[in-house]
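Shown here: structure_8.cif, mmCIF, C-alpha atoms.
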```cif
data_data
loop_
_atom_site.group_PDB
_atom_site.id
_atom_site.type_symbol
_atom_site.label_atom_id
_atom_site.label_comp_id
_atom_site.auth_asym_id
_atom_site.auth_seq_id
_atom_site.Cartn_x
_atom_site.Cartn_y
_atom_site.Cartn_z
ATOM 1 C CA SER A 11 65.476 -98.377 -57.501
ATOM 2 C CA PHE A 12 66.036 -94.663 -57.910
ATOM 3 C CA TRP A 13 69.805 -95.148 -57.939
ATOM 4 C CA THR A 14 69.585 -96.832 -61.348
ATOM 5 C CA PHE A 15 68.430 -93.521 -62.778
ATOM 6 C CA LEU A 16 71.402 -91.759 -61.217
ATOM 7 C CA LEU A 17 73.681 -94.005 -63.254
ATOM 8 C CA ARG A 18 72.651 -91.932 -66.276
ATOM 9 C CA LEU A 19 74.158 -88.790 -64.767
ATOM 10 C CA GLY A 20 77.616 -89.940 -65.831
ATOM 11 C CA GLY A 21 79.231 -89.087 -62.505
ATOM 12 C CA SER A 22 82.988 -89.319 -62.148
ATOM 13 C CA GLY A 23 85.244 -90.136 -59.236
ATOM 14 C CA ALA A 24 83.485 -90.898 -55.995
ATOM 15 C CA ALA A 25 80.072 -90.183 -57.500
ATOM 16 C CA GLY A 26 80.502 -92.705 -60.310
ATOM 17 C CA GLU A 27 81.840 -95.371 -57.959
ATOM 18 C CA THR A 28 79.026 -94.822 -55.457
ATOM 19 C CA VAL A 29 76.275 -95.061 -58.040
ATOM 20 C CA LYS A 30 77.874 -98.043 -59.751
ATOM 21 C CA GLY A 31 78.245 -99.895 -56.450
ATOM 22 C CA GLU A 32 74.625 -99.398 -55.527
ATOM 23 C CA ALA A 33 73.366 -100.262 -59.003
ATOM 24 C CA ASP A 34 75.231 -103.577 -59.405
ATOM 25 C CA GLY A 35 72.959 -106.310 -60.656
ATOM 26 C CA GLU A 36 70.399 -103.801 -61.919
ATOM 27 C CA ALA A 37 69.075 -103.962 -65.462
ATOM 28 C CA GLU A 38 68.519 -100.969 -67.666
ATOM 29 C CA ALA A 39 68.076 -97.592 -65.993
ATOM 30 C CA GLU A 40 64.553 -96.716 -64.980
ATOM 31 C CA GLU A 41 62.636 -93.761 -66.248
ATOM 32 C CA ARG A 42 63.533 -90.314 -65.016
ATOM 33 C CA PRO A 43 61.603 -89.295 -61.868
ATOM 34 C CA VAL A 44 58.663 -86.995 -62.467
ATOM 35 C CA MET A 45 58.063 -83.995 -60.249
ATOM 36 C CA VAL A 46 54.786 -84.493 -58.394
ATOM 37 C CA PRO A 47 53.031 -82.324 -55.791
ATOM 38 C CA GLY A 48 55.158 -82.517 -52.682
ATOM 39 C CA SER A 49 58.444 -83.132 -54.489
ATOM 40 C CA LYS A 50 61.262 -80.866 -53.383
ATOM 41 C CA ARG A 51 64.570 -80.612 -55.217
ATOM 42 C CA THR A 52 67.829 -79.130 -54.025
ATOM 43 C CA GLY A 53 68.937 -75.543 -54.371
ATOM 44 C CA LEU A 54 72.327 -73.969 -55.104
ATOM 45 C CA ILE A 55 75.103 -72.111 -53.312
ATOM 46 C CA ALA A 56 76.058 -68.889 -55.084
ATOM 47 C CA TYR A 57 78.164 -65.816 -54.398
ATOM 48 C CA LYS A 58 76.921 -62.266 -54.686
ATOM 49 C CA CYS A 59 78.922 -60.333 -57.293
ATOM 50 C CA GLY A 60 77.091 -57.015 -57.140
ATOM 51 C CA MET A 61 74.231 -55.316 -58.944
ATOM 52 C CA THR A 62 73.492 -54.117 -62.438
ATOM 53 C CA ALA A 63 70.406 -53.048 -64.397
ATOM 54 C CA GLU A 64 68.647 -53.791 -67.678
ATOM 55 C CA TRP A 65 65.848 -52.319 -69.712
ATOM 56 C CA THR A 66 62.917 -54.588 -70.504
ATOM 57 C CA GLU A 67 60.896 -54.577 -73.699
ATOM 58 C CA HIS A 68 58.244 -52.619 -71.775
ATOM 59 C CA GLY A 69 60.657 -49.741 -71.170
ATOM 60 C CA ASN A 70 61.228 -50.440 -67.489
ATOM 61 C CA ARG A 71 64.669 -50.319 -65.897
ATOM 62 C CA VAL A 72 65.047 -53.333 -63.610
ATOM 63 C CA GLY A 73 67.700 -53.623 -60.920
ATOM 64 C CA LEU A 74 69.416 -57.026 -61.026
ATOM 65 C CA THR A 75 71.608 -58.840 -58.520
ATOM 66 C CA VAL A 76 74.339 -60.981 -60.095
ATOM 67 C CA LEU A 77 74.922 -64.366 -58.433
ATOM 68 C CA TRP A 78 77.864 -66.585 -59.391
ATOM 69 C CA VAL A 79 77.614 -70.384 -59.095
ATOM 70 C CA ASP A 80 81.229 -71.404 -58.432
ATOM 71 C CA ASN A 81 81.838 -75.148 -58.765
ATOM 72 C CA CYS A 82 78.845 -76.246 -56.675
ATOM 73 C CA VAL A 83 78.917 -80.022 -56.055
ATOM 74 C CA VAL A 84 77.183 -82.540 -53.791
ATOM 75 C CA THR A 85 79.447 -83.456 -50.860
ATOM 76 C CA GLN A 86 77.121 -85.687 -48.830
ATOM 77 C CA CYS A 87 73.801 -87.490 -49.280
ATOM 78 C CA LYS A 88 71.700 -87.932 -46.141
ATOM 79 C CA SER A 89 68.853 -90.446 -45.950
ATOM 80 C CA ASP A 90 66.271 -91.581 -43.432
ATOM 81 C CA ALA A 91 68.150 -94.816 -42.787
ATOM 82 C CA THR A 92 71.418 -93.163 -41.724
ATOM 83 C CA ASP A 93 70.508 -89.661 -40.562
ATOM 84 C CA GLY A 94 66.787 -89.713 -39.867
ATOM 85 C CA TYR A 95 65.937 -87.236 -42.621
ATOM 86 C CA THR A 96 66.536 -86.730 -46.336
ATOM 87 C CA ALA A 97 68.840 -83.929 -47.454
ATOM 88 C CA LEU A 98 71.775 -83.038 -49.683
ATOM 89 C CA GLN A 99 74.914 -81.293 -48.485
ATOM 90 C CA LEU A 100 76.460 -79.004 -51.100
ATOM 91 C CA GLY A 101 79.832 -77.321 -51.265
ATOM 92 C CA ALA A 102 80.886 -74.361 -53.390
ATOM 93 C CA GLY A 103 83.992 -72.316 -54.038
ATOM 94 C CA SER A 104 87.507 -73.470 -53.288
ATOM 95 C CA LYS A 105 89.849 -73.310 -50.333
ATOM 96 C CA ARG A 106 93.404 -74.417 -49.634
ATOM 97 C CA ALA A 107 93.659 -77.638 -47.692
ATOM 98 C CA LYS A 108 96.017 -76.061 -45.145
ATOM 99 C CA ASN A 109 93.303 -73.532 -44.236
ATOM 100 C CA VAL A 110 90.618 -76.181 -43.698
ATOM 101 C CA PRO A 111 90.207 -78.031 -40.361
ATOM 102 C CA ALA A 112 91.430 -81.616 -40.408
ATOM 103 C CA PRO A 113 87.969 -83.175 -39.899
ATOM 104 C CA GLN A 114 86.637 -81.273 -42.919
ATOM 105 C CA VAL A 115 89.638 -82.314 -45.026
ATOM 106 C CA GLY A 116 88.805 -85.941 -44.316
ATOM 107 C CA HIS A 117 85.129 -85.318 -45.048
ATOM 108 C CA PHE A 118 85.895 -83.837 -48.472
ATOM 109 C CA ALA A 119 88.472 -86.554 -49.219
ATOM 110 C CA ALA A 120 85.899 -89.263 -48.495
ATOM 111 C CA ALA A 121 83.519 -87.569 -50.950
ATOM 112 C CA GLY A 122 86.240 -87.318 -53.584
ATOM 113 C CA VAL A 123 85.960 -83.523 -53.936
ATOM 114 C CA GLU A 124 88.311 -80.630 -53.285
ATOM 115 C CA PRO A 125 87.992 -78.580 -50.065
ATOM 116 C CA LYS A 126 85.135 -76.119 -50.369
ATOM 117 C CA ARG A 127 84.801 -72.561 -49.165
ATOM 118 C CA THR A 128 81.098 -72.807 -48.277
ATOM 119 C CA VAL A 129 79.056 -75.819 -47.211
ATOM 120 C CA ALA A 130 75.270 -75.817 -46.848
ATOM 121 C CA GLU A 131 72.445 -78.320 -46.601
ATOM 122 C CA PHE A 132 69.148 -78.488 -48.484
ATOM 123 C CA ARG A 133 66.194 -80.627 -47.438
ATOM 124 C CA VAL A 134 64.900 -82.676 -50.362
ATOM 125 C CA THR A 135 62.467 -85.504 -50.966
ATOM 126 C CA GLU A 136 63.665 -89.025 -51.619
ATOM 127 C CA ASP A 137 63.004 -88.819 -55.353
ATOM 128 C CA ALA A 138 65.340 -85.787 -55.627
ATOM 129 C CA LEU A 139 68.473 -87.338 -54.119
ATOM 130 C CA LEU A 140 71.696 -86.995 -56.112
ATOM 131 C CA PRO A 141 74.969 -88.942 -55.864
ATOM 132 C CA VAL A 142 78.028 -87.473 -54.168
ATOM 133 C CA GLY A 143 80.204 -85.546 -56.607
ATOM 134 C CA THR A 144 77.379 -84.371 -58.867
ATOM 135 C CA GLN A 145 78.014 -80.840 -60.102
ATOM 136 C CA LEU A 146 75.203 -78.287 -60.269
ATOM 137 C CA THR A 147 75.281 -75.249 -62.530
ATOM 138 C CA ALA A 148 73.253 -72.118 -63.179
ATOM 139 C CA LYS A 149 71.114 -74.149 -65.598
ATOM 140 C CA HIS A 150 69.457 -75.655 -62.526
ATOM 141 C CA PHE A 151 67.014 -72.721 -62.610
ATOM 142 C CA LEU A 152 64.837 -71.550 -65.474
ATOM 143 C CA PRO A 153 64.717 -67.950 -66.704
ATOM 144 C CA GLY A 154 61.488 -66.429 -65.467
ATOM 145 C CA GLN A 155 60.925 -68.711 -62.484
ATOM 146 C CA LEU A 156 60.619 -67.513 -58.896
ATOM 147 C CA VAL A 157 63.290 -68.313 -56.308
ATOM 148 C CA ASP A 158 63.960 -67.690 -52.627
ATOM 149 C CA VAL A 159 67.385 -66.247 -51.773
ATOM 150 C CA ILE A 160 68.790 -66.764 -48.269
ATOM 151 C CA GLY A 161 71.799 -64.866 -46.963
ATOM 152 C CA LYS A 162 73.345 -63.133 -43.977
ATOM 153 C CA SER A 163 72.544 -59.424 -43.933
ATOM 154 C CA LYS A 164 75.225 -56.773 -43.601
ATOM 155 C CA GLY A 165 76.284 -56.054 -40.041
ATOM 156 C CA LYS A 166 75.601 -52.443 -39.020
ATOM 157 C CA GLY A 167 76.962 -52.571 -35.486
ATOM 158 C CA PHE A 168 75.189 -51.029 -32.481
ATOM 159 C CA ALA A 169 72.349 -48.819 -33.740
ATOM 160 C CA GLY A 170 69.726 -46.646 -32.123
ATOM 161 C CA VAL A 171 65.978 -47.021 -32.335
ATOM 162 C CA MET A 172 65.567 -44.561 -35.226
ATOM 163 C CA LYS A 173 67.942 -46.447 -37.504
ATOM 164 C CA ARG A 174 67.187 -49.945 -36.245
ATOM 165 C CA HIS A 175 63.389 -49.780 -35.998
ATOM 166 C CA GLY A 176 62.475 -46.620 -37.901
ATOM 167 C CA PHE A 177 61.252 -44.575 -34.925
ATOM 168 C CA LYS A 178 60.111 -41.057 -35.801
ATOM 169 C CA GLY A 179 61.997 -39.466 -32.935
ATOM 170 C CA GLN A 180 60.804 -36.909 -30.412
ATOM 171 C CA PRO A 181 60.030 -33.247 -31.167
ATOM 172 C CA ALA A 182 62.900 -30.811 -31.456
ATOM 173 C CA SER A 183 60.835 -27.751 -30.446
ATOM 174 C CA HIS A 184 61.150 -25.522 -27.367
ATOM 175 C CA GLY A 185 60.898 -27.189 -24.006
ATOM 176 C CA VAL A 186 62.407 -30.491 -25.184
ATOM 177 C CA GLY A 187 65.831 -31.567 -23.994
ATOM 178 C CA LYS A 188 68.438 -33.281 -26.127
ATOM 179 C CA VAL A 189 66.414 -36.474 -26.364
ATOM 180 C CA GLN A 190 65.315 -36.258 -29.998
ATOM 181 C CA ARG A 191 66.822 -39.640 -30.940
ATOM 182 C CA ARG A 192 66.084 -41.505 -27.726
ATOM 183 C CA GLY A 193 63.603 -44.362 -27.506
ATOM 184 C CA GLY A 194 61.466 -42.836 -24.783
ATOM 185 C CA SER A 195 59.660 -44.822 -22.114
ATOM 186 C CA ILE A 196 60.203 -48.588 -22.153
ATOM 187 C CA SER A 197 57.665 -49.637 -19.512
ATOM 188 C CA SER A 198 55.339 -48.457 -16.777
ATOM 189 C CA LEU A 199 56.110 -48.045 -13.107
ATOM 190 C CA GLY A 200 53.431 -50.477 -12.001
ATOM 191 C CA LEU A 201 54.590 -53.238 -14.334
ATOM 192 C CA GLY A 202 58.088 -53.345 -12.920
ATOM 193 C CA ARG A 203 59.595 -55.032 -15.977
ATOM 194 C CA VAL A 204 60.053 -54.694 -19.737
ATOM 195 C CA TRP A 205 57.934 -56.771 -22.089
ATOM 196 C CA PRO A 206 59.896 -59.310 -24.154
ATOM 197 C CA GLY A 207 60.485 -58.142 -27.715
ATOM 198 C CA LYS A 208 60.464 -54.465 -26.841
ATOM 199 C CA LYS A 209 62.023 -52.440 -29.658
ATOM 200 C CA MET A 210 65.171 -50.889 -28.252
ATOM 201 C CA ALA A 211 68.672 -49.960 -29.357
ATOM 202 C CA GLY A 212 71.014 -52.865 -30.048
ATOM 203 C CA ARG A 213 73.058 -54.765 -32.595
ATOM 204 C CA MET A 214 71.691 -54.342 -36.094
ATOM 205 C CA GLY A 215 72.204 -56.672 -39.054
ATOM 206 C CA GLY A 216 74.372 -59.756 -39.328
ATOM 207 C CA VAL A 217 71.425 -62.163 -39.177
ATOM 208 C CA ARG A 218 69.978 -64.744 -41.572
ATOM 209 C CA ARG A 219 67.392 -63.236 -43.902
ATOM 210 C CA THR A 220 65.255 -64.720 -46.699
ATOM 211 C CA VAL A 221 63.943 -62.756 -49.671
ATOM 212 C CA GLN A 222 61.053 -64.693 -51.154
ATOM 213 C CA SER A 223 59.699 -64.988 -54.694
ATOM 214 C CA GLN A 224 62.453 -63.163 -56.559
ATOM 215 C CA ARG A 225 62.237 -63.512 -60.349
ATOM 216 C CA VAL A 226 65.152 -65.004 -62.294
ATOM 217 C CA HIS A 227 65.580 -62.389 -65.016
ATOM 218 C CA LYS A 228 68.151 -64.369 -67.024
ATOM 219 C CA ILE A 229 71.082 -66.770 -66.706
ATOM 220 C CA ASP A 230 74.532 -66.761 -68.285
ATOM 221 C CA VAL A 231 75.359 -70.384 -69.061
ATOM 222 C CA ASN A 232 78.970 -69.705 -70.075
ATOM 223 C CA ARG A 233 79.989 -67.823 -66.932
ATOM 224 C CA GLY A 234 77.608 -69.526 -64.502
ATOM 225 C CA LEU A 235 75.740 -66.348 -63.545
ATOM 226 C CA ILE A 236 72.169 -65.955 -62.317
ATOM 227 C CA PHE A 237 70.571 -62.509 -62.642
ATOM 228 C CA VAL A 238 67.858 -62.071 -60.012
ATOM 229 C CA ALA A 239 65.502 -59.113 -60.137
ATOM 230 C CA GLY A 240 65.661 -57.085 -56.938
ATOM 231 C CA ASN A 241 67.913 -57.027 -53.908
ATOM 232 C CA VAL A 242 69.594 -59.928 -52.155
ATOM 233 C CA PRO A 243 70.774 -59.955 -48.519
ATOM 234 C CA GLY A 244 74.469 -59.860 -47.744
ATOM 235 C CA PRO A 245 77.601 -58.008 -48.888
ATOM 236 C CA VAL A 246 79.377 -58.366 -52.204
ATOM 237 C CA GLY A 247 81.318 -61.626 -52.139
ATOM 238 C CA GLY A 248 79.054 -63.212 -49.557
ATOM 239 C CA ALA A 249 77.527 -66.646 -50.012
ATOM 240 C CA VAL A 250 73.774 -67.022 -50.533
ATOM 241 C CA LEU A 251 71.470 -70.012 -50.892
ATOM 242 C CA VAL A 252 69.126 -70.074 -53.880
ATOM 243 C CA ARG A 253 66.150 -72.447 -53.940
ATOM 244 C CA ASP A 254 62.803 -72.810 -55.668
ATOM 245 C CA ALA A 255 60.228 -70.397 -54.270
ATOM 246 C CA LEU A 256 58.101 -72.046 -51.597
ATOM 247 C CA ARG A 257 55.120 -69.782 -52.320
ATOM 248 C CA ASP A 258 55.109 -70.346 -56.068
ATOM 249 C CA LEU A 259 52.086 -72.606 -56.586
ATOM 250 C CA THR A 260 51.638 -71.927 -60.292
ATOM 251 C CA PRO A 261 51.873 -74.748 -62.879
ATOM 252 C CA ALA A 262 55.105 -73.187 -64.157
ATOM 253 C CA ALA A 263 56.796 -74.120 -60.878
ATOM 254 C CA ARG A 264 56.690 -77.802 -61.929
ATOM 255 C CA GLU A 265 58.401 -77.201 -65.253
ATOM 256 C CA VAL A 266 61.876 -76.987 -63.707
ATOM 257 C CA PRO A 267 64.370 -79.781 -64.540
ATOM 258 C CA PHE A 268 63.891 -82.525 -61.960
ATOM 259 C CA PRO A 269 65.847 -83.576 -59.978
ATOM 260 C CA MET A 270 68.515 -81.504 -61.758
ATOM 261 C CA PHE A 271 69.556 -80.273 -65.199
ATOM 262 C CA LEU A 272 70.901 -83.125 -67.344
ATOM 263 C CA GLU A 273 73.122 -82.071 -70.234
ATOM 264 C CA ALA A 274 72.195 -85.144 -72.282
ATOM 265 C CA GLU A 275 68.412 -84.773 -71.930
ATOM 266 C CA ASP A 276 67.508 -81.172 -71.056
ATOM 267 C CA GLU A 277 67.948 -78.015 -73.083
ATOM 268 C CA VAL A 278 68.186 -74.434 -71.947
ATOM 269 C CA ARG A 279 65.029 -72.559 -72.856
ATOM 270 C CA HIS A 280 65.187 -69.223 -74.662
ATOM 271 C CA LEU A 281 68.951 -69.568 -75.133
ATOM 272 C CA ASP A 282 70.793 -66.987 -77.213
ATOM 273 C CA ALA A 283 73.757 -69.087 -78.379
ATOM 274 C CA GLU A 284 75.680 -66.062 -79.635
ATOM 275 C CA ARG A 285 75.618 -64.296 -76.265
ATOM 276 C CA GLY A 286 75.429 -67.416 -74.112
ATOM 277 C CA GLU A 287 72.450 -66.024 -72.185
ATOM 278 C CA ALA A 288 68.956 -67.337 -71.616
ATOM 279 C CA ARG A 289 66.204 -64.821 -70.924
ATOM 280 C CA ALA A 290 62.518 -65.617 -70.800
ATOM 281 C CA PRO A 291 60.268 -63.330 -72.870
ATOM 282 C CA VAL A 292 58.015 -61.183 -70.724
ATOM 283 C CA LYS A 293 54.395 -61.606 -71.848
ATOM 284 C CA TYR A 294 53.231 -59.010 -69.362
ATOM 285 C CA ASP A 295 54.891 -56.338 -67.279
ATOM 286 C CA PRO A 296 55.785 -57.954 -63.924
ATOM 287 C CA TYR A 297 57.716 -54.897 -62.720
ATOM 288 C CA HIS A 298 54.962 -52.338 -63.246
ATOM 289 C CA VAL A 299 53.736 -50.705 -60.055
ATOM 290 C CA TYR A 300 49.972 -50.280 -60.148
ATOM 291 C CA ARG A 301 48.815 -47.316 -58.096
#
```

Using the file provided, produce a representation of the structure as structure tokens.
Amino acid sequence: SFWTFLLRLGGSGAAGETVKGEADGEAEAEERPVMVPGSKRTGLIAYKCGMTAEWTEHGNRVGLTVLWVDNCVVTQCKSDATDGYTALQLGAGSKRAKNVPAPQVGHFAAAGVEPKRTVAEFRVTEDALLPVGTQLTAKHFLPGQLVDVIGKSKGKGFAGVMKRHGFKGQPASHGVGKVQRRGGSISSLGLGRVWPGKKMAGRMGGVRRTVQSQRVHKIDVNRGLIFVAGNVPGPVGGAVLVRDALRDLTPAAREVPFPMFLEAEDEVRHLDAERGEARAPVKYDPYHVYR
């Protein structure tokens, strides 16, 4: 079974006991699963540290968002037999036990992990399941690959139509009252109601947003940092979910370590051992804006 392969991960604590219990009576471990079309591996939970910039070999200055992978481990494995679907629950960060609700304390204790600050779930295929207690690092992603980053945008409070929806506003010339920033008419007299989805003033921000196909510029293996080109939703210190890009259909998308990065078998590509950073060489200029 697939669990015999997980025995090679060298899990400790609850993870090692779980894998060993399910692999009793098995012979040698099977071959490592191969990523096939339709396979879907887990993502990571990271924390936004801020932004920086770098110059590429093409002379372009690229804005980078720094994401920190802080002790991200698997806290629960869900399968079709028990939950009706296949997924992995991950936890990241740390939190004092006294500040965690009692049900969650018991949940983490059963998994053999410390209380986590953030918990999230990733849908995966059956061949990408991992045992409870497995730790994931920034090496999970390759420099140069495309990722989707999911986060909660900054809350802006109650905003008008010009800030919230980008309305031009009404003229400020003679004969116009002080209605320059108002939304104007919202319906017609004969209709007697407002169409659903009408753009009006209201609460802005504070919602789940996904930025797709962001390029991983480089990773810092020593500090567990992922440098993503472009902006990422959420404030500094907020948690984000990083996963393989859903729209990346290139052959390079299947070159990622599957189902995760194994220290004993995989190696970090383009690693600069002196600096502890891995950065993929840019064969072309992906940040050039063609006009």

Check what the PyMOL selection byres ((chain A and resi 194) around 12) selects in the file above and give those residues as a list of chain:residue names.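 Selected by the PyMOL selection byres ((chain A and resi 194) around 12) here: A:Gly170, A:Val171, A:Met172, A:Phe177, A:Lys178, A:Gly179, A:Gln180, A:Pro181, A:Lys188, A:Val189, A:Gln190, A:Arg191, A:Arg192, A:Gly193, A:Ser195, A:Ile196, A:Ser197, A:Ser198, A:Lys208, A:Lys209, A:Met210, A:Ala211.
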
Determine the residue membership of the PyMOL selection byres ((chain A and resi 74) around 9) for the file above and supply it as JSON, numbers by chain. {"A": [60, 61, 62, 63, 64, 72, 73, 75, 76, 227, 237, 238, 239, 240, 241]}

Atomic distance CA of Leu272 (chain A) - CA of Leu251 (chain A), expressed in Å with one decimal: 21.0 Å

Distance CA of Ala288 (chain A)-CA of Asp230 (chain A), one decimal place?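 Answer for the CA of Ala288 (chain A) to CA of Asp230 (chain A) separation: 6.5 Å.
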
Could you name the residues that touch Asn81 (chain A) at 8 Å or less, counting only C-alpha atoms, but leaving out those on the same chain fewer than 2 positions away, as a PyMOL selection string? chain A and resi 79+83+102-103+145-147

Selection to disk with C-alpha atoms, as a PDB file, in the coordinates of the input:
```pdb
ATOM      1  CA  VAL A  79      77.614 -70.384 -59.095  1.00  0.00           C
ATOM      2  CA  VAL A  83      78.917 -80.022 -56.055  1.00  0.00           C
ATOM      3  CA  ALA A 102      80.886 -74.361 -53.390  1.00  0.00           C
ATOM      4  CA  GLY A 103      83.992 -72.316 -54.038  1.00  0.00           C
ATOM      5  CA  GLN A 145      78.014 -80.840 -60.102  1.00  0.00           C
ATOM      6  CA  LEU A 146      75.203 -78.287 -60.269  1.00  0.00           C
ATOM      7  CA  THR A 147      75.281 -75.249 -62.530  1.00  0.00           C
TER       8      THR A 147
END
```

Gap from CA of Trp78 (chain A) to CA of Val250 (chain A) - Å, one decimal: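 Atom-to-atom, CA of Trp78 (chain A) to CA of Val250 (chain A), that is 9.8 Å.
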
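If you apply the PyMOL selection byres ((chain A and resi 143) around 6) to this structure, you end up with Ala25, Val83, Val84, Val142 and Thr144 of chain A.
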
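With all atoms listed in the file as the basis for measurement, A:Arg133 is the residue among A:Arg133, A:His68, A:Arg218, A:Arg257 that approaches Leu100 (chain A) most closely.
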
For Glu277 (chain A): contacts at 12 Å, all atoms listed in the file, fewer than 2 positions along chain excluded, given as number ranges by chain: A: 149-152, 231, 266-267, 270-275, 279-281, 283, 288

Serialized selection, C-alpha atoms, as a PDB file, keeping the file's coordinate frame:
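The file below, part_30.pdb, is the result:
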```
ATOM      1  CA  LYS A 149      71.114 -74.149 -65.598  1.00  0.00           C
ATOM      2  CA  HIS A 150      69.457 -75.655 -62.526  1.00  0.00           C
ATOM      3  CA  PHE A 151      67.014 -72.721 -62.610  1.00  0.00           C
ATOM      4  CA  LEU A 152      64.837 -71.550 -65.474  1.00  0.00           C
ATOM      5  CA  VAL A 231      75.359 -70.384 -69.061  1.00  0.00           C
ATOM      6  CA  VAL A 266      61.876 -76.987 -63.707  1.00  0.00           C
ATOM      7  CA  PRO A 267      64.370 -79.781 -64.540  1.00  0.00           C
ATOM      8  CA  MET A 270      68.515 -81.504 -61.758  1.00  0.00           C
ATOM      9  CA  PHE A 271      69.556 -80.273 -65.199  1.00  0.00           C
ATOM     10  CA  LEU A 272      70.901 -83.125 -67.344  1.00  0.00           C
ATOM     11  CA  GLU A 273      73.122 -82.071 -70.234  1.00  0.00           C
ATOM     12  CA  ALA A 274      72.195 -85.144 -72.282  1.00  0.00           C
ATOM     13  CA  GLU A 275      68.412 -84.773 -71.930  1.00  0.00           C
ATOM     14  CA  ARG A 279      65.029 -72.559 -72.856  1.00  0.00           C
ATOM     15  CA  HIS A 280      65.187 -69.223 -74.662  1.00  0.00           C
ATOM     16  CA  LEU A 281      68.951 -69.568 -75.133  1.00  0.00           C
ATOM     17  CA  ALA A 283      73.757 -69.087 -78.379  1.00  0.00           C
ATOM     18  CA  ALA A 288      68.956 -67.337 -71.616  1.00  0.00           C
TER      19      ALA A 288
END
```
